[in-house]
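Undergrad: Structure file input_38.cif (mmCIF, C-alpha atoms and all ligand atoms) right here:
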```cif
data_entry
loop_
_atom_site.group_PDB
_atom_site.id
_atom_site.type_symbol
_atom_site.label_atom_id
_atom_site.label_comp_id
_atom_site.auth_asym_id
_atom_site.auth_seq_id
_atom_site.Cartn_x
_atom_site.Cartn_y
_atom_site.Cartn_z
ATOM 1 C CA MET A 131 0.000 0.000 0.000
ATOM 2 C CA GLN A 132 1.276 3.493 -0.905
ATOM 3 C CA PRO A 133 1.114 6.371 1.634
ATOM 4 C CA LEU A 134 -1.320 9.071 0.404
ATOM 5 C CA PHE A 135 -1.397 12.833 1.010
ATOM 6 C CA ARG A 136 -4.537 14.732 1.877
ATOM 7 C CA PRO A 137 -5.514 17.894 3.782
ATOM 8 C CA LEU A 138 -6.674 17.455 7.378
ATOM 9 C CA SER A 139 -10.158 18.236 8.630
ATOM 10 C CA PHE A 140 -11.989 18.260 11.932
ATOM 11 C CA VAL A 141 -12.772 14.524 11.672
ATOM 12 C CA ASP A 142 -9.006 13.830 11.916
ATOM 13 C CA LEU A 143 -8.628 15.603 15.259
ATOM 14 C CA ASP A 144 -8.437 12.462 17.437
ATOM 15 C CA ALA A 145 -5.683 10.960 15.236
ATOM 16 C CA MET A 146 -3.822 14.305 15.241
ATOM 17 C CA VAL A 147 -3.918 14.574 19.045
ATOM 18 C CA THR A 148 -2.550 11.026 19.406
ATOM 19 C CA LEU A 149 0.276 11.626 16.922
ATOM 20 C CA GLU A 150 1.044 15.088 18.347
ATOM 21 C CA GLN A 151 1.426 13.700 21.875
ATOM 22 C CA ALA A 152 3.605 10.818 20.684
ATOM 23 C CA ALA A 153 5.921 12.919 18.478
ATOM 24 C CA HIS A 154 6.481 16.160 20.430
ATOM 25 C CA PRO A 155 8.017 16.581 23.883
ATOM 26 C CA TYR A 156 5.878 19.781 24.173
ATOM 27 C CA PRO A 157 2.746 18.916 22.177
ATOM 28 C CA TRP A 158 0.083 21.364 21.037
ATOM 29 C CA SER A 159 -3.185 21.086 22.960
ATOM 30 C CA ARG A 160 -6.301 19.573 21.404
ATOM 31 C CA GLY A 161 -7.813 23.067 21.411
ATOM 32 C CA LEU A 162 -4.926 24.552 19.445
ATOM 33 C CA LEU A 163 -4.901 21.665 16.940
ATOM 34 C CA GLY A 164 -8.659 22.121 16.502
ATOM 35 C CA GLU A 165 -8.152 25.737 15.436
ATOM 36 C CA SER A 166 -5.901 24.691 12.525
ATOM 37 C CA PHE A 167 -8.603 24.159 9.902
ATOM 38 C CA GLY A 168 -9.727 26.768 7.390
ATOM 39 C CA GLY A 169 -9.210 30.524 7.447
ATOM 40 C CA ARG A 170 -5.560 31.423 7.076
ATOM 41 C CA TYR A 171 -4.414 27.866 7.828
ATOM 42 C CA PHE A 172 -3.674 25.032 5.459
ATOM 43 C CA THR A 173 -2.608 21.501 6.278
ATOM 44 C CA GLY A 174 -1.309 18.330 4.717
ATOM 45 C CA SER A 175 -1.068 14.800 6.016
ATOM 46 C CA LEU A 176 0.231 11.421 5.026
ATOM 47 C CA TRP A 177 -1.874 8.284 5.534
ATOM 48 C CA LEU A 178 -1.306 4.574 5.147
ATOM 49 C CA GLY A 179 -4.866 3.286 4.948
ATOM 50 C CA GLU A 180 -6.545 4.501 8.158
ATOM 51 C CA GLN A 181 -3.225 5.246 9.876
ATOM 52 C CA LEU A 182 -2.022 8.855 10.164
ATOM 53 C CA LEU A 183 1.773 8.809 9.603
ATOM 54 C CA GLY A 184 2.491 12.540 9.744
ATOM 55 C CA TYR A 185 1.151 16.022 9.095
ATOM 56 C CA PHE A 186 1.988 19.690 8.784
ATOM 57 C CA ILE A 187 0.097 22.836 9.754
ATOM 58 C CA ALA A 188 0.941 26.173 8.124
ATOM 59 C CA ASP A 189 -0.570 29.602 7.679
ATOM 60 C CA ARG A 190 -0.585 32.056 4.819
ATOM 61 C CA ILE A 191 -0.713 35.839 4.852
ATOM 62 C CA LEU A 192 -0.325 37.697 1.537
ATOM 63 C CA ASP A 193 2.714 36.051 -0.138
ATOM 64 C CA GLU A 194 4.115 34.631 3.118
ATOM 65 C CA SER A 195 3.699 31.321 4.875
ATOM 66 C CA THR A 196 4.845 30.072 8.266
ATOM 67 C CA LEU A 197 5.261 26.361 8.858
ATOM 68 C CA MET A 198 3.815 26.042 12.351
ATOM 69 C CA ASN A 199 3.981 22.317 13.003
ATOM 70 C CA ILE A 200 5.350 19.262 11.248
ATOM 71 C CA CYS A 201 5.636 15.803 12.742
ATOM 72 C CA VAL A 202 5.966 12.163 11.834
ATOM 73 C CA ALA A 203 4.792 9.274 14.037
ATOM 74 C CA PRO A 204 7.815 8.028 16.044
ATOM 75 C CA ALA A 205 7.709 4.507 14.535
ATOM 76 C CA TRP A 206 7.884 6.042 11.044
ATOM 77 C CA GLN A 207 10.648 8.603 11.644
ATOM 78 C CA GLY A 208 13.967 8.329 9.809
ATOM 79 C CA LYS A 209 12.387 6.755 6.706
ATOM 80 C CA GLY A 210 12.116 9.855 4.532
ATOM 81 C CA LEU A 211 8.521 10.793 5.397
ATOM 82 C CA GLY A 212 9.425 14.097 7.064
ATOM 83 C CA ARG A 213 11.189 15.170 3.900
ATOM 84 C CA LEU A 214 8.209 14.027 1.770
ATOM 85 C CA LEU A 215 5.843 16.049 3.945
ATOM 86 C CA LEU A 216 8.055 19.155 3.848
ATOM 87 C CA GLU A 217 8.416 18.878 0.055
ATOM 88 C CA HIS A 218 4.622 18.529 -0.171
ATOM 89 C CA TYR A 219 4.244 21.722 1.907
ATOM 90 C CA LEU A 220 6.745 23.535 -0.343
ATOM 91 C CA ARG A 221 4.782 22.413 -3.430
ATOM 92 C CA ARG A 222 1.557 23.702 -1.887
ATOM 93 C CA CYS A 223 3.316 27.034 -1.238
ATOM 94 C CA ARG A 224 4.456 27.276 -4.875
ATOM 95 C CA GLU A 225 0.919 26.530 -6.122
ATOM 96 C CA GLN A 226 -0.430 29.367 -3.950
ATOM 97 C CA GLU A 227 2.423 31.717 -4.959
ATOM 98 C CA LEU A 228 3.656 31.951 -1.370
ATOM 99 C CA THR A 229 7.246 33.007 -1.834
ATOM 100 C CA ARG A 230 8.453 34.093 1.606
ATOM 101 C CA LEU A 231 8.553 31.148 3.957
ATOM 102 C CA TRP A 232 9.269 31.194 7.682
ATOM 103 C CA LEU A 233 9.503 28.828 10.599
ATOM 104 C CA GLU A 234 10.800 28.623 14.152
ATOM 105 C CA VAL A 235 12.447 25.614 15.726
ATOM 106 C CA ARG A 236 13.996 24.740 19.076
ATOM 107 C CA ALA A 237 17.789 25.130 18.975
ATOM 108 C CA SER A 238 18.144 21.580 20.403
ATOM 109 C CA ASN A 239 16.011 19.950 17.670
ATOM 110 C CA GLY A 240 18.847 18.554 15.539
ATOM 111 C CA PRO A 241 16.715 16.334 13.254
ATOM 112 C CA ALA A 242 14.318 19.177 12.384
ATOM 113 C CA LEU A 243 17.160 21.690 11.837
ATOM 114 C CA ALA A 244 18.910 19.229 9.519
ATOM 115 C CA LEU A 245 15.687 18.593 7.577
ATOM 116 C CA TYR A 246 14.957 22.322 7.143
ATOM 117 C CA ARG A 247 18.531 23.056 6.018
ATOM 118 C CA ALA A 248 18.426 20.138 3.580
ATOM 119 C CA CYS A 249 15.283 21.666 2.032
ATOM 120 C CA GLY A 250 16.812 25.118 1.607
ATOM 121 C CA TYR A 251 15.904 27.024 4.776
ATOM 122 C CA VAL A 252 18.582 29.273 6.273
ATOM 123 C CA GLU A 253 18.856 30.681 9.787
ATOM 124 C CA SER A 254 17.716 34.305 9.917
ATOM 125 C CA GLY A 255 17.845 35.005 13.651
ATOM 126 C CA ARG A 256 17.254 33.736 17.157
ATOM 127 C CA ARG A 257 14.868 34.447 20.016
ATOM 128 C CA ARG A 258 16.847 33.985 23.211
ATOM 129 C CA ASP A 259 15.329 31.661 25.827
ATOM 130 C CA TYR A 260 12.047 31.565 23.916
ATOM 131 C CA TYR A 261 10.990 28.007 24.763
ATOM 132 C CA GLN A 262 10.593 26.194 28.055
ATOM 133 C CA SER A 263 12.897 23.165 28.149
ATOM 134 C CA ALA A 264 13.959 20.358 30.469
ATOM 135 C CA SER A 265 17.034 22.372 31.497
ATOM 136 C CA GLY A 266 15.195 25.703 31.882
ATOM 137 C CA ARG A 267 14.868 27.715 28.667
ATOM 138 C CA GLU A 268 16.190 27.341 25.130
ATOM 139 C CA ASP A 269 16.494 29.540 22.042
ATOM 140 C CA ALA A 270 14.153 29.566 19.070
ATOM 141 C CA VAL A 271 16.024 29.466 15.765
ATOM 142 C CA LEU A 272 14.220 31.541 13.113
ATOM 143 C CA MET A 273 14.591 30.211 9.594
ATOM 144 C CA GLN A 274 13.521 31.498 6.197
ATOM 145 C CA LYS A 275 13.435 30.295 2.628
HETATM 146 C C1 LIG B 1 11.594 16.407 12.354
HETATM 147 C C2 LIG B 1 10.831 15.230 11.761
HETATM 148 C C3 LIG B 1 9.501 15.748 11.180
HETATM 149 C C4 LIG B 1 11.656 14.593 10.643
HETATM 150 O O1 LIG B 1 10.902 13.546 10.054
HETATM 151 P P1 LIG B 1 11.591 12.166 9.605
HETATM 152 O O2 LIG B 1 10.576 11.398 8.838
HETATM 153 O O3 LIG B 1 12.186 11.506 10.777
HETATM 154 O O4 LIG B 1 12.762 12.711 8.659
HETATM 155 P P2 LIG B 1 13.313 12.026 7.323
HETATM 156 O O5 LIG B 1 13.509 10.571 7.540
HETATM 157 O O6 LIG B 1 12.466 12.446 6.173
HETATM 158 O O7 LIG B 1 14.740 12.713 7.192
HETATM 159 C C5 LIG B 1 14.888 13.902 6.441
HETATM 160 C C6 LIG B 1 16.124 14.634 6.884
HETATM 161 O O8 LIG B 1 15.950 15.070 8.228
HETATM 162 C C7 LIG B 1 17.200 14.991 8.915
HETATM 163 N N1 LIG B 1 17.090 14.015 10.000
HETATM 164 C C8 LIG B 1 16.047 13.184 10.243
HETATM 165 N N2 LIG B 1 16.268 12.483 11.371
HETATM 166 C C9 LIG B 1 17.464 12.895 11.845
HETATM 167 C C10 LIG B 1 18.233 12.582 13.008
HETATM 168 N N3 LIG B 1 17.818 11.676 13.914
HETATM 169 N N4 LIG B 1 19.407 13.239 13.193
HETATM 170 C C11 LIG B 1 19.845 14.157 12.303
HETATM 171 N N5 LIG B 1 19.135 14.512 11.178
HETATM 172 C C12 LIG B 1 17.979 13.883 10.973
HETATM 173 C C13 LIG B 1 18.242 14.583 7.877
HETATM 174 O O9 LIG B 1 18.715 15.762 7.253
HETATM 175 C C14 LIG B 1 17.389 13.799 6.908
HETATM 176 O O10 LIG B 1 17.924 13.743 5.627
HETATM 177 P P3 LIG B 1 18.867 12.499 5.212
HETATM 178 O O11 LIG B 1 18.070 11.268 5.494
HETATM 179 O O12 LIG B 1 19.089 12.744 3.761
HETATM 180 O O13 LIG B 1 20.087 12.607 6.081
HETATM 181 C C15 LIG B 1 10.568 14.129 12.836
HETATM 182 O O14 LIG B 1 11.796 13.790 13.431
HETATM 183 C C16 LIG B 1 9.582 14.511 13.917
HETATM 184 O O15 LIG B 1 8.378 14.349 13.761
HETATM 185 N N6 LIG B 1 10.107 15.011 15.049
HETATM 186 C C17 LIG B 1 9.250 15.343 16.196
HETATM 187 C C18 LIG B 1 8.441 16.598 15.924
HETATM 188 C C19 LIG B 1 9.325 17.776 15.606
HETATM 189 O O16 LIG B 1 10.334 18.012 16.247
HETATM 190 N N7 LIG B 1 8.909 18.569 14.583
HETATM 191 C C20 LIG B 1 9.656 19.741 14.139
HETATM 192 C C21 LIG B 1 9.415 20.941 14.938
HETATM 193 S S1 LIG B 1 7.739 21.527 14.819
#
```
Before we go any further, please render this structure as structure tokens.
Ligand SMILES: CC(C)(COP(=O)(O)OP(=O)(O)OC[C@H]1O[C@@H](n2cnc3c(N)ncnc32)[C@H](O)[C@@H]1OP(=O)(O)O)[C@@H](O)C(=O)NCCC(=O)NCCS

TA:
Amino acid sequence: MQPLFRPLSFVDLDAMVTLEQAAHPYPWSRGLLGESFGGRYFTGSLWLGEQLLGYFIADRILDESTLMNICVAPAWQGKGLGRLLLEHYLRRCREQELTRLWLEVRASNGPALALYRACGYVESGRRRDYYQSASGREDAVLMQK
């Protein structure tokens, strides 16, 4: 069976919450995930049959987009799906003529930083001590493409 892409909708919320809590040390709340449909937001997700393997949540304003969340189910990480999802997001941006792309990532998140760099993002700044972390606070790395 081939994994398939499709946008997310409210009926996917339970699967999103489960994946979010498994993938992120500081997961988004159910309430926040539930606000990610429609309006200025757009989403993409990867499914194997009924199983949600990964998703992204982004917004768009004028010609800009911010990638707000991307995650892959832990059992499926390291198999190229994160890159597939990010490339899918970048394609969706091109189709919508979104040319200035932004994101923020924890300075300690090596896998995500490597993925973003591999797909052409460059560091554009830092917010000192922006995130809560196990050892106190950590920087947010701002990236653009
Ligand atoms: C970040 C994340 C989405 C990557 O997804 P993935 O499916 O594991 O990544 P892929 O297998 O597609 O790997 C793509 C690239 O990411 C980087 N990468 C992935 N895992 C890595 C690791 N453990 N260490 C270093 N780099 C890594 C590499 O550059 C890799 O390219 P390569 O295989 O050519 O070396 C995934 O690790 C994840 O869901 N993490 C938890 C949530 C998160 O931190 N999201 C990002 C912040 S919102």

Undergrad: For the PyMOL selection byres (((chain A and resi 266-274) around 8) and not hetatm), applied here, can you spell out every residue it catches as a PyMOL selection string?

TA: chain A and resi 230-238+251-265+275

Undergrad: If the PyMOL selection byres (((chain A and resi 177-191) around 10) and not hetatm) is run on the structure shown, which residues does it catch, given as an mmCIF file with C-alpha atoms, in the frame of the given file?

TA:
```
data_model
loop_
_atom_site.group_PDB
_atom_site.id
_atom_site.type_symbol
_atom_site.label_atom_id
_atom_site.label_comp_id
_atom_site.auth_asym_id
_atom_site.auth_seq_id
_atom_site.Cartn_x
_atom_site.Cartn_y
_atom_site.Cartn_z
ATOM 1 C CA MET A 131 0.000 0.000 0.000
ATOM 2 C CA GLN A 132 1.276 3.493 -0.905
ATOM 3 C CA PRO A 133 1.114 6.371 1.634
ATOM 4 C CA LEU A 134 -1.320 9.071 0.404
ATOM 5 C CA PHE A 135 -1.397 12.833 1.010
ATOM 6 C CA ARG A 136 -4.537 14.732 1.877
ATOM 7 C CA PRO A 137 -5.514 17.894 3.782
ATOM 8 C CA LEU A 138 -6.674 17.455 7.378
ATOM 9 C CA ASP A 142 -9.006 13.830 11.916
ATOM 10 C CA ALA A 145 -5.683 10.960 15.236
ATOM 11 C CA MET A 146 -3.822 14.305 15.241
ATOM 12 C CA THR A 148 -2.550 11.026 19.406
ATOM 13 C CA LEU A 149 0.276 11.626 16.922
ATOM 14 C CA GLU A 150 1.044 15.088 18.347
ATOM 15 C CA ALA A 153 5.921 12.919 18.478
ATOM 16 C CA LEU A 163 -4.901 21.665 16.940
ATOM 17 C CA SER A 166 -5.901 24.691 12.525
ATOM 18 C CA PHE A 167 -8.603 24.159 9.902
ATOM 19 C CA GLY A 168 -9.727 26.768 7.390
ATOM 20 C CA GLY A 169 -9.210 30.524 7.447
ATOM 21 C CA ARG A 170 -5.560 31.423 7.076
ATOM 22 C CA TYR A 171 -4.414 27.866 7.828
ATOM 23 C CA PHE A 172 -3.674 25.032 5.459
ATOM 24 C CA THR A 173 -2.608 21.501 6.278
ATOM 25 C CA GLY A 174 -1.309 18.330 4.717
ATOM 26 C CA SER A 175 -1.068 14.800 6.016
ATOM 27 C CA LEU A 176 0.231 11.421 5.026
ATOM 28 C CA LEU A 192 -0.325 37.697 1.537
ATOM 29 C CA ASP A 193 2.714 36.051 -0.138
ATOM 30 C CA GLU A 194 4.115 34.631 3.118
ATOM 31 C CA SER A 195 3.699 31.321 4.875
ATOM 32 C CA THR A 196 4.845 30.072 8.266
ATOM 33 C CA LEU A 197 5.261 26.361 8.858
ATOM 34 C CA MET A 198 3.815 26.042 12.351
ATOM 35 C CA ASN A 199 3.981 22.317 13.003
ATOM 36 C CA ILE A 200 5.350 19.262 11.248
ATOM 37 C CA CYS A 201 5.636 15.803 12.742
ATOM 38 C CA VAL A 202 5.966 12.163 11.834
ATOM 39 C CA ALA A 203 4.792 9.274 14.037
ATOM 40 C CA PRO A 204 7.815 8.028 16.044
ATOM 41 C CA ALA A 205 7.709 4.507 14.535
ATOM 42 C CA TRP A 206 7.884 6.042 11.044
ATOM 43 C CA GLN A 207 10.648 8.603 11.644
ATOM 44 C CA LEU A 211 8.521 10.793 5.397
ATOM 45 C CA GLY A 212 9.425 14.097 7.064
ATOM 46 C CA LEU A 214 8.209 14.027 1.770
ATOM 47 C CA LEU A 215 5.843 16.049 3.945
ATOM 48 C CA LEU A 216 8.055 19.155 3.848
ATOM 49 C CA HIS A 218 4.622 18.529 -0.171
ATOM 50 C CA TYR A 219 4.244 21.722 1.907
ATOM 51 C CA CYS A 223 3.316 27.034 -1.238
ATOM 52 C CA GLN A 226 -0.430 29.367 -3.950
ATOM 53 C CA LEU A 228 3.656 31.951 -1.370
ATOM 54 C CA ARG A 230 8.453 34.093 1.606
ATOM 55 C CA LEU A 231 8.553 31.148 3.957
ATOM 56 C CA TRP A 232 9.269 31.194 7.682
ATOM 57 C CA LEU A 233 9.503 28.828 10.599
#
```

Undergrad: Would you mind reading off the distance between atom CA of A:Arg213 and atom CA of A:Asn239, one decimal, in Å?

TA: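 Computing it gives 15.4 Å between the two atoms.
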
Undergrad: Set up a box along x, y and z of the file covering all listed atoms of ligand LIG 1 (chain B), add 4 Å on every one of the six sides, and write the centre and edge lengths in Å to one decimal, as lines of an AutoDock Vina configuration file.

TA:
```
center_x = 13.9
center_y = 16.0
center_z = 10.0
size_x = 20.3
size_y = 19.0
size_z = 20.5
```

Undergrad: Between A:Arg247, A:Val141, A:Glu165, A:Arg221, which has the minimum distance to ligand LIG 1 (chain B) (counting all atoms listed in the file)?

TA: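 That would be A:Arg247, the residue with the smallest distance to ligand LIG 1 (chain B).
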